[in-house]
Amino acid sequence: ISISLGETVLQEKTGYKPVLKIVAQSYFELGKYEEARKTLGTYYEKDNTDASVAYMLWVVNEKLREYILANIYLGKALELWYSPSISVRRQLIHNFYLLENDENMLQAFSDMVEEEESIEADDLGLAIYYHILHEKLLQAGIWSKKWQELFPENGDFYAYEGWILREQWKLQEAASVLQKGVSVETNNPFLLI
């Protein structure tokens with residue numbers, strides 16, 4: 001009904017942005033992603049400064065598995081200060097992962113860690129984990145130490161530091177850090193492994 005009514009209004013008042021949003025959202029809810037993308041594209045041609053439309057274009061392109069376009073619109077949503085930006089950053093990282101674009105994924109992790117105020121321990125843990133896997137040990141080590149101070153009760157950050165030290169063949173230091181972590185969180189499986 002909303003699509004039908006919206007299309008009728010748009011015949012009389014083409015480019016009416018509030019109705020374009022409603023029609024696009026309705027198409028999306030019905031799983032008609034191509035139509036949603038086309039309608040949002042019409043809106044975006046008229047106004048490319050609406051962060052919510054850039055975000056919706058990301059979602060639609062994500063559903064259509066158009067990850068490169070999705071990343072373009074995610075970037076635009078961040079540029080326009082979509083809030084909460086942490087959710088946009090997480091998805092951007094995920095898309096780079098799906099595209100196997102490790103360099104951009106690591107940069108997106110760095111941007112998130114350095115710029116987000118609402119970052120959570122799990123976000124940082126993933127950033128450290130992927131930096132270790134890609135042998136970016138210096139940055140991973142800086143973050144693991146910083147976040148031990150901010151989350152002293154979370155043993156994972158001691159485990160990450162221990163892993164980094166082990167990769168550097170600093171085995172005594174690694175054992176010491178891991179023991180400290182176990183004293184903080186006795187049953188943390190990551191530390192125990």
# chains A, B, ... in the order shown; residues from 1 in each chain; ligands from 1
>>> residues_around(residues="Gly162 (chain A)", least_positions_apart="6", cutoff="12 Å", atoms="only C-alpha atoms", output="PyMOL selection string")
chain A and resi 132+137+140-141+144-145+155-156+168-182+190-193
>>> write_last_selection(atoms="N, CA, C and O atoms", output="CSV table (one decimal), in the first residue's frame")
chain,number,residue,atom,x,y,z
A,132,ILE,N,47.8,-9.1,14.5
A,132,ILE,CA,48.8,-10.2,14.7
A,132,ILE,C,48.8,-11.1,13.6
A,132,ILE,O,49.9,-11.5,13.1
A,137,LEU,N,52.7,-6.5,14.4
A,137,LEU,CA,52.9,-6.8,15.8
A,137,LEU,C,53.1,-5.5,16.7
A,137,LEU,O,52.6,-5.4,17.8
A,140,ALA,N,49.6,-4.0,17.2
A,140,ALA,CA,48.9,-4.9,18.1
A,140,ALA,C,49.4,-4.8,19.5
A,140,ALA,O,48.6,-4.8,20.4
A,141,GLY,N,50.7,-4.7,19.7
A,141,GLY,CA,51.2,-4.6,21.0
A,141,GLY,C,50.9,-3.3,21.7
A,141,GLY,O,50.6,-3.3,22.9
A,144,SER,N,47.2,-3.7,22.8
A,144,SER,CA,47.0,-4.7,23.9
A,144,SER,C,47.4,-4.1,25.2
A,144,SER,O,46.8,-4.2,26.2
A,145,LYS,N,48.6,-3.3,25.2
A,145,LYS,CA,49.0,-2.7,26.5
A,145,LYS,C,48.1,-1.6,26.9
A,145,LYS,O,47.7,-1.4,28.1
A,155,GLY,N,41.2,-10.5,30.7
A,155,GLY,CA,42.4,-11.3,30.5
A,155,GLY,C,42.8,-11.4,29.0
A,155,GLY,O,43.9,-11.7,28.7
A,156,ASP,N,41.8,-11.2,28.1
A,156,ASP,CA,42.2,-11.3,26.7
A,156,ASP,C,43.3,-10.4,26.2
A,156,ASP,O,44.1,-10.8,25.4
A,168,GLN,N,57.5,-13.0,18.8
A,168,GLN,CA,58.8,-12.3,18.8
A,168,GLN,C,59.9,-13.2,19.5
A,168,GLN,O,61.0,-12.7,19.7
A,169,TRP,N,59.5,-14.4,19.9
A,169,TRP,CA,60.4,-15.3,20.6
A,169,TRP,C,60.9,-14.7,21.9
A,169,TRP,O,62.0,-15.1,22.4
A,170,LYS,N,60.1,-13.9,22.5
A,170,LYS,CA,60.4,-13.4,23.9
A,170,LYS,C,59.6,-14.3,24.9
A,170,LYS,O,58.6,-13.8,25.5
A,171,LEU,N,60.0,-15.5,25.0
A,171,LEU,CA,59.2,-16.5,25.7
A,171,LEU,C,59.0,-16.2,27.2
A,171,LEU,O,58.0,-16.4,27.8
A,172,GLN,N,60.1,-15.8,27.9
A,172,GLN,CA,60.0,-15.5,29.3
A,172,GLN,C,59.1,-14.3,29.6
A,172,GLN,O,58.3,-14.4,30.5
A,173,GLU,N,59.2,-13.3,28.7
A,173,GLU,CA,58.3,-12.1,28.9
A,173,GLU,C,56.8,-12.6,28.6
A,173,GLU,O,55.9,-12.1,29.3
A,174,ALA,N,56.6,-13.4,27.6
A,174,ALA,CA,55.3,-13.9,27.3
A,174,ALA,C,54.7,-14.6,28.5
A,174,ALA,O,53.6,-14.4,28.9
A,175,ALA,N,55.5,-15.5,29.1
A,175,ALA,CA,55.0,-16.3,30.2
A,175,ALA,C,54.7,-15.4,31.4
A,175,ALA,O,53.6,-15.6,32.0
A,176,SER,N,55.5,-14.4,31.6
A,176,SER,CA,55.2,-13.4,32.7
A,176,SER,C,53.9,-12.7,32.5
A,176,SER,O,53.1,-12.6,33.4
A,177,VAL,N,53.7,-12.2,31.3
A,177,VAL,CA,52.4,-11.5,30.9
A,177,VAL,C,51.2,-12.4,31.1
A,177,VAL,O,50.2,-12.0,31.6
A,178,LEU,N,51.4,-13.6,30.6
A,178,LEU,CA,50.3,-14.6,30.7
A,178,LEU,C,49.9,-14.9,32.1
A,178,LEU,O,48.8,-15.0,32.5
A,179,GLN,N,51.0,-15.1,33.0
A,179,GLN,CA,50.7,-15.4,34.4
A,179,GLN,C,50.0,-14.2,35.0
A,179,GLN,O,49.1,-14.4,35.8
A,180,LYS,N,50.4,-13.0,34.7
A,180,LYS,CA,49.7,-11.8,35.2
A,180,LYS,C,48.2,-11.8,34.8
A,180,LYS,O,47.3,-11.5,35.6
A,181,GLY,N,48.0,-12.2,33.5
A,181,GLY,CA,46.6,-12.3,33.0
A,181,GLY,C,45.8,-13.3,33.7
A,181,GLY,O,44.6,-13.1,34.1
A,182,VAL,N,46.4,-14.5,34.0
A,182,VAL,CA,45.7,-15.5,34.7
A,182,VAL,C,45.4,-15.1,36.1
A,182,VAL,O,44.3,-15.5,36.7
A,190,PHE,N,41.4,-18.3,26.6
A,190,PHE,CA,42.4,-17.7,25.7
A,190,PHE,C,43.7,-17.7,26.4
A,190,PHE,O,44.7,-18.0,25.9
A,191,LEU,N,43.7,-17.2,27.7
A,191,LEU,CA,45.0,-17.2,28.4
A,191,LEU,C,45.5,-18.6,28.7
A,191,LEU,O,46.7,-18.8,28.5
A,192,LEU,N,44.7,-19.5,29.0
A,192,LEU,CA,45.1,-20.8,29.3
A,192,LEU,C,45.7,-21.6,28.1
A,192,LEU,O,46.7,-22.3,28.2
A,193,ILE,N,45.1,-21.3,26.9
A,193,ILE,CA,45.7,-21.9,25.7
A,193,ILE,C,47.1,-21.4,25.5
A,193,ILE,O,48.0,-22.1,25.1
>>> atom_distance(atom1="CA of Leu30 (chain A)", atom2="CA of Leu10 (chain A)")
19.4 Å
>>> closest_residue(among="A:Gln148, A:Asn101, A:Thr39, A:Asn61", to="Tyr16 (chain A)", atoms="only C-alpha atoms")
A:Thr39
>>> atom_distance(atom1="CA of Gln91 (chain A)", atom2="CA of Ser110 (chain A)")
14.2 Å
>>> residues_around(residues="Ser85 (chain A)", least_positions_apart="2", cutoff="12 Å", atoms="only C-alpha atoms", output="number ranges by chain")
A: 51-52, 55, 74-83, 87-92, 111-112, 115-119
>>> residues_around(residues="region 123-129 of chain A", least_positions_apart="6", cutoff="7 Å", atoms="only C-alpha atoms", output="ChimeraX atom specification")
/A:109,113,140,143
>>> atom_distance(atom1="CA of Asn154 (chain A)", atom2="CA of Ala121 (chain A)")
8.4 Å
>>> residues_around(residues="Tyr44 (chain A)", least_positions_apart="6", cutoff="9 Å", atoms="only C-alpha atoms", output="PyMOL selection string")
chain A and resi 50+53-54+57
>>> write_last_selection(atoms="N, CA, C and O atoms", output="compact mmCIF listing (two decimals), in the first residue's frame")
# COMPACT_ATOMS: atom_id res chain seq x y z
N ASP A 50 22.55 13.27 2.82
CA ASP A 50 21.73 12.62 3.83
C ASP A 50 22.41 11.34 4.27
O ASP A 50 22.46 10.35 3.52
N VAL A 53 20.38 8.04 4.08
CA VAL A 53 20.20 7.49 2.73
C VAL A 53 21.48 6.79 2.29
O VAL A 53 21.44 5.70 1.71
N ALA A 54 22.63 7.38 2.59
CA ALA A 54 23.90 6.71 2.27
C ALA A 54 23.97 5.38 3.01
O ALA A 54 24.38 4.36 2.44
N LEU A 57 21.64 2.92 1.33
CA LEU A 57 22.25 2.44 0.10
C LEU A 57 23.32 1.38 0.39
O LEU A 57 23.49 0.44 -0.37
